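Quick look at coords03.tsv (TSV, C-alpha atoms):
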chain	number	residue	atom	x	y	z
T	350	MET	CA	70.43	21.98	91.29
T	351	PHE	CA	73.48	24.16	90.96
T	352	GLN	CA	76.92	23.18	92.20
T	353	VAL	CA	79.86	25.00	93.77
T	354	GLY	CA	81.77	26.73	90.99
T	355	ASP	CA	78.72	27.30	88.77
T	356	ARG	CA	78.35	30.78	87.33
T	357	VAL	CA	74.77	31.93	87.71
T	358	VAL	CA	72.58	35.02	87.43
T	359	TYR	CA	70.39	36.20	90.27
T	360	PRO	CA	67.86	38.61	88.69
T	361	MET	CA	67.92	42.13	90.13
T	362	HIS	CA	71.39	41.43	91.61
T	363	GLY	CA	73.52	40.22	88.72
T	364	ALA	CA	75.86	37.36	87.94
T	365	GLY	CA	78.20	35.59	90.29
T	366	THR	CA	79.87	32.32	91.14
T	367	ILE	CA	78.52	29.87	93.70
T	368	ILE	CA	81.37	29.50	96.15
T	369	SER	CA	79.63	27.28	98.70
T	370	ILE	CA	76.38	25.72	99.84
T	371	GLU	CA	75.79	26.32	103.53
T	372	GLU	CA	73.15	25.63	106.09
T	373	LYS	CA	72.18	28.64	108.20
T	374	GLU	CA	69.72	29.06	111.01
T	375	PHE	CA	67.48	32.12	111.09
T	376	LEU	CA	64.67	32.58	113.60
T	377	GLY	CA	65.02	28.96	114.71
T	378	GLU	CA	64.65	27.59	111.19
T	379	LYS	CA	67.50	25.88	109.35
T	380	LYS	CA	67.75	26.41	105.60
T	381	SER	CA	70.34	25.70	102.93
T	382	TYR	CA	71.74	28.58	100.91
T	383	TYR	CA	73.91	29.08	97.87
T	384	ILE	CA	76.61	31.55	98.73
T	385	MET	CA	77.36	33.60	95.61
T	386	GLU	CA	80.35	35.82	95.11
T	387	MET	CA	79.63	38.69	92.74
T	388	PRO	CA	82.47	39.92	90.47
T	389	LEU	CA	81.57	43.58	90.95
T	390	GLY	CA	81.89	45.19	94.33
T	391	GLU	CA	83.22	42.03	95.98
T	392	MET	CA	79.75	41.33	97.36
T	393	ARG	CA	78.43	38.00	98.62
T	394	VAL	CA	74.78	37.03	98.32
T	395	MET	CA	72.90	34.22	100.04
T	396	VAL	CA	70.20	32.54	97.94
T	397	PRO	CA	67.84	30.11	99.70
T	398	LEU	CA	67.83	26.77	97.86
T	399	ASP	CA	64.09	26.35	98.38
T	400	LYS	CA	63.41	29.64	96.54
T	401	VAL	CA	65.76	29.22	93.56
T	402	GLU	CA	62.99	28.51	91.05
T	403	ASN	CA	60.83	31.44	92.17
T	404	LEU	CA	63.81	33.80	92.14
T	405	GLY	CA	64.74	32.88	88.58
T	406	LEU	CA	68.34	31.82	89.24
T	407	ARG	CA	69.87	30.64	85.96
T	408	TYR	CA	73.22	29.80	84.40
T	409	ILE	CA	75.09	32.68	82.76
T	410	ILE	CA	75.08	33.04	79.00
T	411	SER	CA	77.83	31.67	76.75
T	412	ALA	CA	80.58	33.82	75.24
T	413	ARG	CA	78.75	33.59	71.88
T	414	GLU	CA	75.52	34.81	73.45
T	415	ALA	CA	77.48	37.65	75.06
T	416	GLU	CA	78.51	38.76	71.55
T	417	ASP	CA	74.83	38.62	70.53
T	418	VAL	CA	73.95	40.84	73.50
T	419	LEU	CA	76.58	43.39	72.44
T	420	GLN	CA	75.24	43.36	68.88
T	421	GLU	CA	71.73	43.88	70.23
T	422	LEU	CA	72.92	46.85	72.30
T	423	ALA	CA	74.22	48.45	69.14
T	424	GLY	CA	70.91	47.87	67.35
T	425	GLU	CA	67.87	50.04	66.90
T	426	GLN	CA	66.09	51.27	69.97
T	427	GLU	CA	62.42	50.57	70.36
T	428	GLN	CA	60.08	53.45	71.09
T	429	SER	CA	59.47	53.87	74.80
T	430	SER	CA	56.69	55.70	76.59
T	431	LYS	CA	57.00	59.44	76.94
T	432	ASN	CA	55.51	59.11	80.43
T	433	TRP	CA	58.52	58.53	82.72
T	434	ASN	CA	56.42	56.59	85.26
T	435	ARG	CA	55.21	54.06	82.67
T	436	ARG	CA	58.68	53.84	81.17
T	437	TYR	CA	60.19	53.26	84.63
T	438	ARG	CA	57.71	50.47	85.48
T	439	ALA	CA	58.24	48.79	82.09
T	440	ASN	CA	62.01	48.91	82.60
T	441	VAL	CA	61.78	47.45	86.12
T	442	GLU	CA	59.67	44.58	84.75
T	443	LYS	CA	62.27	43.89	82.05
T	444	ILE	CA	65.04	43.73	84.66
T	445	LYS	CA	62.99	41.42	86.90
T	446	THR	CA	62.74	38.83	84.12
T	447	GLY	CA	66.44	38.11	84.54
T	448	ASP	CA	66.77	37.88	80.75
T	449	ILE	CA	70.08	39.43	79.66
T	450	PHE	CA	68.58	40.73	76.41
T	451	SER	CA	65.79	42.51	78.33
T	452	VAL	CA	68.32	44.02	80.73
T	453	GLY	CA	70.35	45.08	77.69
T	454	GLU	CA	67.26	46.82	76.25
T	455	VAL	CA	66.93	48.81	79.46
T	456	VAL	CA	70.61	49.79	79.40
T	457	ARG	CA	70.41	50.75	75.73
T	458	SER	CA	67.25	52.84	75.99
T	459	LEU	CA	68.24	54.62	79.21
T	460	SER	CA	71.83	55.23	78.06
T	461	ARG	CA	70.65	56.78	74.81
T	462	ARG	CA	67.93	58.77	76.57
T	463	GLU	CA	70.52	60.04	79.06
T	464	MET	CA	72.70	61.33	76.21
T	465	GLU	CA	69.76	62.95	74.41
T	466	LYS	CA	67.56	64.38	77.15
T	467	GLY	CA	68.94	63.43	80.53
T	468	LEU	CA	67.31	61.14	83.10
T	469	SER	CA	65.35	61.64	86.29
T	470	THR	CA	67.05	60.56	89.51
T	471	GLY	CA	64.99	57.35	89.58
T	472	GLU	CA	65.91	56.47	86.02
T	473	LYS	CA	69.60	57.18	86.71
T	474	LYS	CA	69.49	54.70	89.60
T	475	LEU	CA	67.69	52.18	87.40
T	476	LEU	CA	70.27	52.61	84.64
T	477	ASN	CA	73.12	52.08	87.12
T	478	ASN	CA	71.44	48.94	88.50
T	479	ALA	CA	70.72	47.53	85.01
T	480	ARG	CA	74.25	48.35	83.86
T	481	GLN	CA	75.72	46.55	86.90
T	482	ILE	CA	73.59	43.46	86.20
T	483	LEU	CA	74.56	43.50	82.51
T	484	VAL	CA	78.26	44.08	83.16
T	485	SER	CA	78.47	41.40	85.86
T	486	GLU	CA	77.16	38.75	83.45
T	487	LEU	CA	79.29	39.92	80.52
T	488	VAL	CA	82.41	39.88	82.73
T	489	LEU	CA	81.83	36.23	83.61
T	490	ALA	CA	80.57	35.14	80.18
T	491	GLN	CA	83.55	36.66	78.37
T	492	ASP	CA	86.14	35.98	81.12
T	493	SER	CA	86.83	39.69	80.94
T	494	SER	CA	87.36	42.55	83.36
T	495	GLU	CA	84.80	45.07	84.49
T	496	GLN	CA	86.87	47.85	82.91
T	497	ALA	CA	87.03	46.11	79.52
T	498	VAL	CA	83.27	45.53	79.45
T	499	LEU	CA	82.56	49.14	80.49
T	500	GLU	CA	84.86	50.39	77.72
T	501	THR	CA	83.00	48.23	75.18
T	502	LEU	CA	79.67	49.62	76.35
T	503	GLU	CA	80.97	53.18	76.19
T	504	LYS	CA	82.21	52.57	72.66
T	505	ILE	CA	78.82	51.18	71.63
T	506	PHE	CA	76.90	54.16	72.95
T	507	THR	CA	79.29	56.93	71.94
T	508	LEU	CA	79.68	55.57	68.38
T	509	ASP	CA	75.96	54.68	68.17
T	510	GLY	CA	76.94	51.07	67.74
T	511	ASP	CA	78.90	51.49	64.48
T	512	ASP	CA	81.87	49.49	65.77
T	513	VAL	CA	81.29	46.83	68.40
T	514	SER	CA	84.58	44.95	68.05

Produce structure tokens that represent the structure in this file.
Amino acid sequence: MFQVGDRVVYPMHGAGTIISIEEKEFLGEKKSYYIMEMPLGEMRVMVPLDKVENLGLRYIISAREAEDVLQELAGEQEQSSKNWNRRYRANVEKIKTGDIFSVGEVVRSLSRREMEKGLSTGEKKLLNNARQILVSELVLAQDSSEQAVLETLEKIFTLDGDDVS
């Protein structure tokens, strides 16, 4: 069980800090919820305690693992399907896993594809969502700012990963 103050990732939403555990009543049923504060957009999310395992809530990565993620972003891109629909579904599945490296793969492939060929509206939305999830975790893992993480990502993709420092 997580505690107040823990930094966790809620797949498909991003990373945040548990600021409280509260009991709420909805439709006559009382349930306990983690109240998470997200570092981006000043959003709060309620996560039902009885669904934590199914939702894939996990602790954020370490600062060292964050460096590994950045190195991975700068690495070689795997070949993705030419069919945008298959590519989109595969990318959504990667994001749903909640694994930061899988989310990073989505950001890397869509960012590079955007620079080379452009993206459909759906893929642009997916890229923005994946980028937000990635950035939110990197901000917390590195005790950094959103701006600093975004600048690092921009450097990685505009220099093709030659300099990730």

Which neighbours of region 354-371 of chain T fall inside 6 Å, counting all atoms listed in the file, when residues of the same chain fewer than 4 positions from it are skipped, and could you give them as a PyMOL selection string?
chain T and resi 381-387+406-409+445+447+482+485-486

Per-residue nearest contacts of region 386-446 of chain T to region 458-481 of chain T (12 Å; all atoms listed in the file) as a tab-separated table:
residue	atom	partner	partner_atom	distance
T:Met387	CA	T:Gln481	CA	10.5
T:Pro388	CA	T:Gln481	CA	10.1
T:Leu389	CA	T:Gln481	CA	7.7
T:Gly390	CA	T:Gln481	CA	9.8
T:Glu421	CA	T:Ser458	CA	11.6
T:Leu422	CA	T:Ser458	CA	9.0
T:Ala423	CA	T:Arg461	CA	10.7
T:Gly424	CA	T:Ser458	CA	10.6
T:Glu425	CA	T:Ser458	CA	9.5
T:Gln426	CA	T:Ser458	CA	6.3
T:Glu427	CA	T:Ser458	CA	7.8
T:Gln428	CA	T:Ser458	CA	8.7
T:Ser429	CA	T:Ser458	CA	7.9
T:Ser430	CA	T:Ser458	CA	11.0
T:Lys431	CA	T:Arg462	CA	11.0
T:Asn432	CA	T:Ser469	CA	11.7
T:Trp433	CA	T:Ser469	CA	8.3
T:Asn434	CA	T:Glu472	CA	9.5
T:Arg435	CA	T:Glu472	CA	11.5
T:Arg436	CA	T:Glu472	CA	9.1
T:Tyr437	CA	T:Glu472	CA	6.7
T:Arg438	CA	T:Glu472	CA	10.2
T:Ala439	CA	T:Leu475	CA	11.4
T:Asn440	CA	T:Leu475	CA	8.1
T:Val441	CA	T:Leu475	CA	7.7
T:Glu442	CA	T:Leu475	CA	11.4
T:Lys443	CA	T:Ala479	CA	9.7
T:Ile444	CA	T:Ala479	CA	6.8
T:Lys445	CA	T:Ala479	CA	10.0
T:Thr446	CA	T:Ala479	CA	11.8

Counting only C-alpha atoms, what is within 9 Å of Ala412 (chain T), bar same-chain residues fewer than 6 positions away, as a PyMOL selection string?
chain T and resi 487+489-492

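Counting all atoms listed in the file, the residue from T:Leu398, T:Ile449, T:Phe506, T:Glu372 that sits nearest to Gln352 (chain T) is T:Leu398.
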
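For the pair CA of Thr507 (chain T) and CA of Leu483 (chain T), the separation is 17.7 Å.
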
Which distance in Å separates CA of Met350 (chain T) and CA of Ser451 (chain T), to one decimal?
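That distance, rounded to one decimal, is 24.7 Å.
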
CA of Glu374 (chain T) to CA of Glu391 (chain T): how many Å, to one decimal?
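Computed distance, CA of Glu374 (chain T) to CA of Glu391 (chain T), equals 24.0 Å.
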
Could I see region 468-503 of chain T restored to N, CA and C atoms, set down as an mmCIF file, in the frame of the given file?
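This went into out.cif:
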data_model
loop_
_atom_site.group_PDB
_atom_site.id
_atom_site.type_symbol
_atom_site.label_atom_id
_atom_site.label_comp_id
_atom_site.auth_asym_id
_atom_site.auth_seq_id
_atom_site.Cartn_x
_atom_site.Cartn_y
_atom_site.Cartn_z
ATOM 1 N N LEU T 468 68.190 62.073 82.385
ATOM 2 C CA LEU T 468 67.310 61.140 83.100
ATOM 3 C C LEU T 468 66.922 61.721 84.450
ATOM 4 N N SER T 469 65.760 61.304 84.927
ATOM 5 C CA SER T 469 65.350 61.640 86.290
ATOM 6 C C SER T 469 66.264 60.879 87.248
ATOM 7 N N THR T 470 66.234 61.244 88.504
ATOM 8 C CA THR T 470 67.050 60.560 89.510
ATOM 9 C C THR T 470 66.709 59.077 89.581
ATOM 10 N N GLY T 471 65.415 58.754 89.532
ATOM 11 C CA GLY T 471 64.990 57.350 89.580
ATOM 12 C C GLY T 471 65.499 56.565 88.396
ATOM 13 N N GLU T 472 65.434 57.174 87.216
ATOM 14 C CA GLU T 472 65.910 56.470 86.020
ATOM 15 C C GLU T 472 67.429 56.345 86.029
ATOM 16 N N LYS T 473 68.136 57.304 86.596
ATOM 17 C CA LYS T 473 69.600 57.180 86.710
ATOM 18 C C LYS T 473 69.962 55.986 87.593
ATOM 19 N N LYS T 474 69.247 55.837 88.709
ATOM 20 C CA LYS T 474 69.490 54.700 89.600
ATOM 21 C C LYS T 474 69.176 53.385 88.893
ATOM 22 N N LEU T 475 68.071 53.380 88.143
ATOM 23 C CA LEU T 475 67.690 52.180 87.400
ATOM 24 C C LEU T 475 68.728 51.828 86.351
ATOM 25 N N LEU T 476 69.226 52.834 85.642
ATOM 26 C CA LEU T 476 70.270 52.610 84.640
ATOM 27 C C LEU T 476 71.521 52.030 85.306
ATOM 28 N N ASN T 477 71.930 52.595 86.423
ATOM 29 C CA ASN T 477 73.120 52.080 87.120
ATOM 30 C C ASN T 477 72.925 50.639 87.562
ATOM 31 N N ASN T 478 71.735 50.313 88.067
ATOM 32 C CA ASN T 478 71.440 48.940 88.500
ATOM 33 C C ASN T 478 71.450 47.996 87.300
ATOM 34 N N ALA T 479 70.764 48.376 86.213
ATOM 35 C CA ALA T 479 70.720 47.530 85.010
ATOM 36 C C ALA T 479 72.112 47.355 84.427
ATOM 37 N N ARG T 480 72.892 48.429 84.399
ATOM 38 C CA ARG T 480 74.250 48.350 83.860
ATOM 39 C C ARG T 480 75.100 47.398 84.698
ATOM 40 N N GLN T 481 74.957 47.447 86.026
ATOM 41 C CA GLN T 481 75.720 46.550 86.900
ATOM 42 C C GLN T 481 75.351 45.092 86.641
ATOM 43 N N ILE T 482 74.055 44.822 86.472
ATOM 44 C CA ILE T 482 73.590 43.460 86.200
ATOM 45 C C ILE T 482 74.160 42.981 84.864
ATOM 46 N N LEU T 483 74.060 43.825 83.845
ATOM 47 C CA LEU T 483 74.560 43.500 82.510
ATOM 48 C C LEU T 483 76.076 43.263 82.535
ATOM 49 N N VAL T 484 76.801 44.181 83.127
ATOM 50 C CA VAL T 484 78.260 44.080 83.160
ATOM 51 C C VAL T 484 78.704 42.851 83.939
ATOM 52 N N SER T 485 78.053 42.551 85.050
ATOM 53 C CA SER T 485 78.470 41.400 85.860
ATOM 54 C C SER T 485 78.365 40.105 85.050
ATOM 55 N N GLU T 486 77.308 39.975 84.246
ATOM 56 C CA GLU T 486 77.160 38.750 83.450
ATOM 57 C C GLU T 486 78.147 38.736 82.286
ATOM 58 N N LEU T 487 78.341 39.880 81.638
ATOM 59 C CA LEU T 487 79.290 39.920 80.520
ATOM 60 C C LEU T 487 80.721 39.651 80.987
ATOM 61 N N VAL T 488 81.072 40.133 82.168
ATOM 62 C CA VAL T 488 82.410 39.880 82.730
ATOM 63 C C VAL T 488 82.639 38.380 82.862
ATOM 64 N N LEU T 489 81.672 37.671 83.421
ATOM 65 C CA LEU T 489 81.830 36.230 83.610
ATOM 66 C C LEU T 489 81.721 35.464 82.297
ATOM 67 N N ALA T 490 80.786 35.860 81.444
ATOM 68 C CA ALA T 490 80.570 35.140 80.180
ATOM 69 C C ALA T 490 81.769 35.271 79.243
ATOM 70 N N GLN T 491 82.428 36.417 79.282
ATOM 71 C CA GLN T 491 83.550 36.660 78.370
ATOM 72 C C GLN T 491 84.902 36.481 79.063
ATOM 73 N N ASP T 492 84.898 36.050 80.327
ATOM 74 C CA ASP T 492 86.140 35.980 81.120
ATOM 75 C C ASP T 492 86.937 37.258 80.936
ATOM 76 N N SER T 493 86.264 38.365 81.183
ATOM 77 C CA SER T 493 86.830 39.690 80.940
ATOM 78 C C SER T 493 86.909 40.451 82.266
ATOM 79 N N SER T 494 87.334 41.695 82.174
ATOM 80 C CA SER T 494 87.360 42.550 83.360
ATOM 81 C C SER T 494 86.207 43.536 83.290
ATOM 82 N N GLU T 495 85.849 44.064 84.433
ATOM 83 C CA GLU T 495 84.800 45.070 84.490
ATOM 84 C C GLU T 495 85.169 46.268 83.609
ATOM 85 N N GLN T 496 86.420 46.695 83.690
ATOM 86 C CA GLN T 496 86.870 47.850 82.910
ATOM 87 C C GLN T 496 86.733 47.600 81.410
ATOM 88 N N ALA T 497 87.110 46.426 80.949
ATOM 89 C CA ALA T 497 87.030 46.110 79.520
ATOM 90 C C ALA T 497 85.580 46.117 79.038
ATOM 91 N N VAL T 498 84.680 45.564 79.833
ATOM 92 C CA VAL T 498 83.270 45.530 79.450
ATOM 93 C C VAL T 498 82.698 46.953 79.447
ATOM 94 N N LEU T 499 83.043 47.749 80.446
ATOM 95 C CA LEU T 499 82.560 49.140 80.490
ATOM 96 C C LEU T 499 83.067 49.936 79.292
ATOM 97 N N GLU T 500 84.316 49.703 78.899
ATOM 98 C CA GLU T 500 84.860 50.390 77.720
ATOM 99 C C GLU T 500 84.116 49.983 76.455
ATOM 100 N N THR T 501 83.774 48.705 76.338
ATOM 101 C CA THR T 501 83.000 48.230 75.180
ATOM 102 C C THR T 501 81.638 48.906 75.149
ATOM 103 N N LEU T 502 80.975 48.981 76.297
ATOM 104 C CA LEU T 502 79.670 49.620 76.350
ATOM 105 C C LEU T 502 79.765 51.102 75.995
ATOM 106 N N GLU T 503 80.787 51.757 76.505
ATOM 107 C CA GLU T 503 80.970 53.180 76.190
ATOM 108 C C GLU T 503 81.178 53.375 74.689
#
